[in-house]
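Visitor: This structure is in structure tokens; I'll ask about it shortly.
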Amino acid sequence: MASILIIDDESNLVRSLTFALEDEGHVVHGAGTAAAGLSAAAQLQPELILLDLKLPDMSGLEVLELLKAQQIAAQVIMISAHGDTRAAVKAVNLGAADYITKPFDLDDLSMTIRVILERRQMVAELTFHRSEAMRESGLMGESPTMRELVATIERVASSNAMRILVLGESGTGKALVARAIHSASPRAAGPFIEINCASLPEQLIEAELFGAEKGAYTGAHQRRVGLVALADKGTLFLDEIGELPLPLQAKLLHFLENGQYRPIGSGRTQFADARVVAATNRDLAAAASEGGFREDLYFRLNVIELNIPPLRERGSDVLALIEHFSGEFAREERSRPIVLSADAQQALLDYRWPGNVRELRNLIERFTILYPGTQIGVAALPRELLDTEQVPAPTLTPTPPAPQSNGIPNIEDALASTERQLMLSALREASGHKGHAAERLGISRHAFKRRLQRLGISGSAATYADNGDDAQA
């Protein structure tokens with residue numbers, strides 16, 4: 001049931017409506033003037049307001065505008081006298097949920113209230129689930145750019161837009177945005193099909209996208225169903241769209257224009273109903289002007305454009321992401337989450353994050369594996385994170401470890417050495433029992449054994465034999 005405010009100067013009507021609505025379980029308050037109603041709305045924050053169009057000190061339309069200006073989130077039902085229908089319709093255009101005319105039937109009013117409240121609850125639940133989906137995917141934060149992006153994703157997801165272009169540096173989470181759009185859309189029950197346009201050779205990507213008949217080309221020993229067909233009634237995500245070969249861009253353009261395509265070697269045109277989300281870290285507008293990308297395809301893809309801000313522009317969102325990833329990896333490793341000291345947090349806030357969210361996620365995963373459940377100080381941070389003057393240099397390939405210089409080990413060697421010492425110490429204290437050693441480090445036994453294998457530590461290295469402890473733990 002709901003909290004309802006009635007703003008009407010007819011005391012008898014307010015009294016009778018109060019009795020009727022309270023009998024249905026609602027909490028009802030009344031106000032006889034616009035001023036009293038506005039004051040009560042601000043104080044009570046009701047879920048629904050019954051508002052008369054004609055009040056002694058102000059019109060209902062003026063009250064409606066003031067409620068909106070004061071960000072009162074209540075649903076409003078206008079009450080109009082017979083002949084005021086035009087004004088009531090204007091009120092709906094201003095944001096009122098519905099209107100009723102006097103005299104009205106109480107059963108009809110109850111039904112109208114029930115429908116509006118159910119619709120309000122559905123919207124609230126949908127908003128909650130969408131927000132949770134965004135948070136689970138790592139699309140979170142209170143920075144203005146991120147809040148705007150999340151709000152835009154929610155609007156785009158629920159819209160009928162079929163062509164969406166996602167732009168952003170490498171590592172910002174373009175694939176996460178594509179999945180969030182799909183998950184929050186009416187197509188969520190359908191398939192989400194992803195292809196990286198840079199991962200396949202030119203001669204295979206057409207068959208991968210549109211399919212091929214048996215014998216259509218050398219090596220086509222059986223009929224291949226393309227990803228476009230698999231994405232029917234769902235979402236097709238084209239990652240690295242800027243790397244799509246020019247000859248294939250024309251065929252993709254044809255599909256985007258009418259949903260039609262033809263598998264290689266087939267004489268029959270087929271149709272697929274797929275929302276297409278494309279992503280790239282390239283400047284497609286510049287590529288189109290230089291002839292490296294079809295201009296007509298760029299405009300066809302760019303119906304809705306979403307720009308993901310780099311992590312260095314998101315301020316304290318870094319801390320929210322650290323908390324999110326710490327919890328995520330702690331659950332995976334069955335350990336306690338790591339905690340960063342104040343100076344370590346400040347160092348990460350000052351860092352430029354050339355690898356964006358991907359780089360931060362990898363760092364927190366590393367810390368969770370090496371130092372489960374412990375506090376991370378600034379001394380444990382990689383050296384490059386402490387250099388606040390570096391210039392972002394996004395890259396798709398990992399940077400190899402730096403060689404030793406002046407007898408100082410690089411950070412990867414230092415971390416591996418520290419991890420090895422922790423593992424050996426835990427084994428010795430547990431008399432070689434891997435299960436007990438894992439408990440001492442606060443991680444799962446499976447994670448402990450996986451690290452032993454990665455570090456090349458055997459029972460003999462710890463001066464203990466395995467002793468078949470797999471059967472003990």
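Ligands are numbered from 1 in the order shown, chains are lettered A, B, ... in the order of the structure tokens, and residues start at 1 in each chain.
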Residues within 8 Å of Thr18 of chain A, please, as a PDB file with N, CA and C atoms, in the first residue's frame. Count only C-alpha atoms; anything in the same chain fewer than 3 positions from it doesn't count.

Guide:
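Once written, result.pdb looks like this:
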```
ATOM      1  N   VAL A  14     -12.456  15.367   0.566  1.00  0.00           N
ATOM      2  CA  VAL A  14     -11.209  14.878   1.160  1.00  0.00           C
ATOM      3  C   VAL A  14     -11.505  13.835   2.228  1.00  0.00           C
ATOM      4  N   ARG A  15     -12.557  14.111   3.048  1.00  0.00           N
ATOM      5  CA  ARG A  15     -12.906  13.191   4.127  1.00  0.00           C
ATOM      6  C   ARG A  15     -13.364  11.840   3.568  1.00  0.00           C
ATOM      7  N   LEU A  21      -9.861   5.285   0.926  1.00  0.00           N
ATOM      8  CA  LEU A  21      -8.507   4.833   0.624  1.00  0.00           C
ATOM      9  C   LEU A  21      -7.832   4.187   1.829  1.00  0.00           C
ATOM     10  N   GLU A  22      -8.168   4.668   3.046  1.00  0.00           N
ATOM     11  CA  GLU A  22      -7.624   4.020   4.247  1.00  0.00           C
ATOM     12  C   GLU A  22      -8.170   2.618   4.407  1.00  0.00           C
ATOM     13  N   VAL A  28      -3.235   8.050   4.312  1.00  0.00           N
ATOM     14  CA  VAL A  28      -3.770   9.201   3.591  1.00  0.00           C
ATOM     15  C   VAL A  28      -3.647  10.470   4.422  1.00  0.00           C
ATOM     16  N   HIS A  29      -3.232  11.563   3.771  1.00  0.00           N
ATOM     17  CA  HIS A  29      -3.169  12.889   4.388  1.00  0.00           C
ATOM     18  C   HIS A  29      -3.923  13.852   3.479  1.00  0.00           C
ATOM     19  N   GLY A  30      -4.504  14.903   4.091  1.00  0.00           N
ATOM     20  CA  GLY A  30      -5.258  15.877   3.322  1.00  0.00           C
ATOM     21  C   GLY A  30      -4.728  17.287   3.505  1.00  0.00           C
TER      22      GLY A  30
END
```

Visitor: Would you mind listing what lies within 8 Å of segment 184-195 of chain A as a VMD selection string, with only C-alpha atoms counted and same-chain residues fewer than 5 positions away left out?

Guide: chain A and resid 130 133 154 157 to 159 179 227 230 to 239

Visitor: With distances taken over only C-alpha atoms, which of A:Val276, A:Ile205, A:Ala41, A:Ala288 is nearest to Ile264 of chain A?

Guide: A:Ile205

Visitor: Please provide as a list in words all residues within 9 Å of segment 326-331 of chain A, with the sequence filter that same-chain residues fewer than 2 positions apart are discarded (counting only C-alpha atoms).

Guide: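 Near segment 326-331 of chain A, the qualifying residues are Leu321, Ile322, Glu323, His324, Glu333, Arg334, Ser335, Arg336, Pro337, Ile338, Val339, Arg361, Ile364, Glu365, Phe367, Thr368, Ile369, Pro372, Gly373 and Ile443 of chain A.
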
Visitor: Could you state the separation of atom CA of His26 of chain A and atom CA of Glu118 of chain A in Å, given to one decimal place?

Guide: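 Computing the Euclidean distance for atom CA of His26 of chain A and atom CA of Glu118 of chain A yields 13.9 Å.
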
Visitor: Please provide as a list of chain:residue names all residues within 6 Å of Cys197 of chain A, with the sequence filter that same-chain residues fewer than 5 positions apart are discarded (counting only C-alpha atoms).

Guide: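 The filter keeps A:Glu240, A:Ile241, A:Glu243, A:Leu244.
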
Visitor: I need the residue nearest Glu305 of chain A from this list: A:Pro263, A:Met1, A:Ala286, A:Leu165. Use only C-alpha atoms for the distance.

Guide: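 Once distances to Glu305 of chain A are computed over only C-alpha atoms, the minimum belongs to A:Leu165.
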
Visitor: Check the smallest atom-to-atom distance from each of A:His182, A:Lys102, A:Arg223, A:Lys214 to Ala274 of chain A using only C-alpha atoms, then report the winner.

Guide: A:His182

Visitor: How many Å lie between atom CA of Gly168 of chain A and atom CA of Leu311 of chain A, rounded to one decimal?

Guide: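 Here the two named atoms are 10.5 Å from each other.
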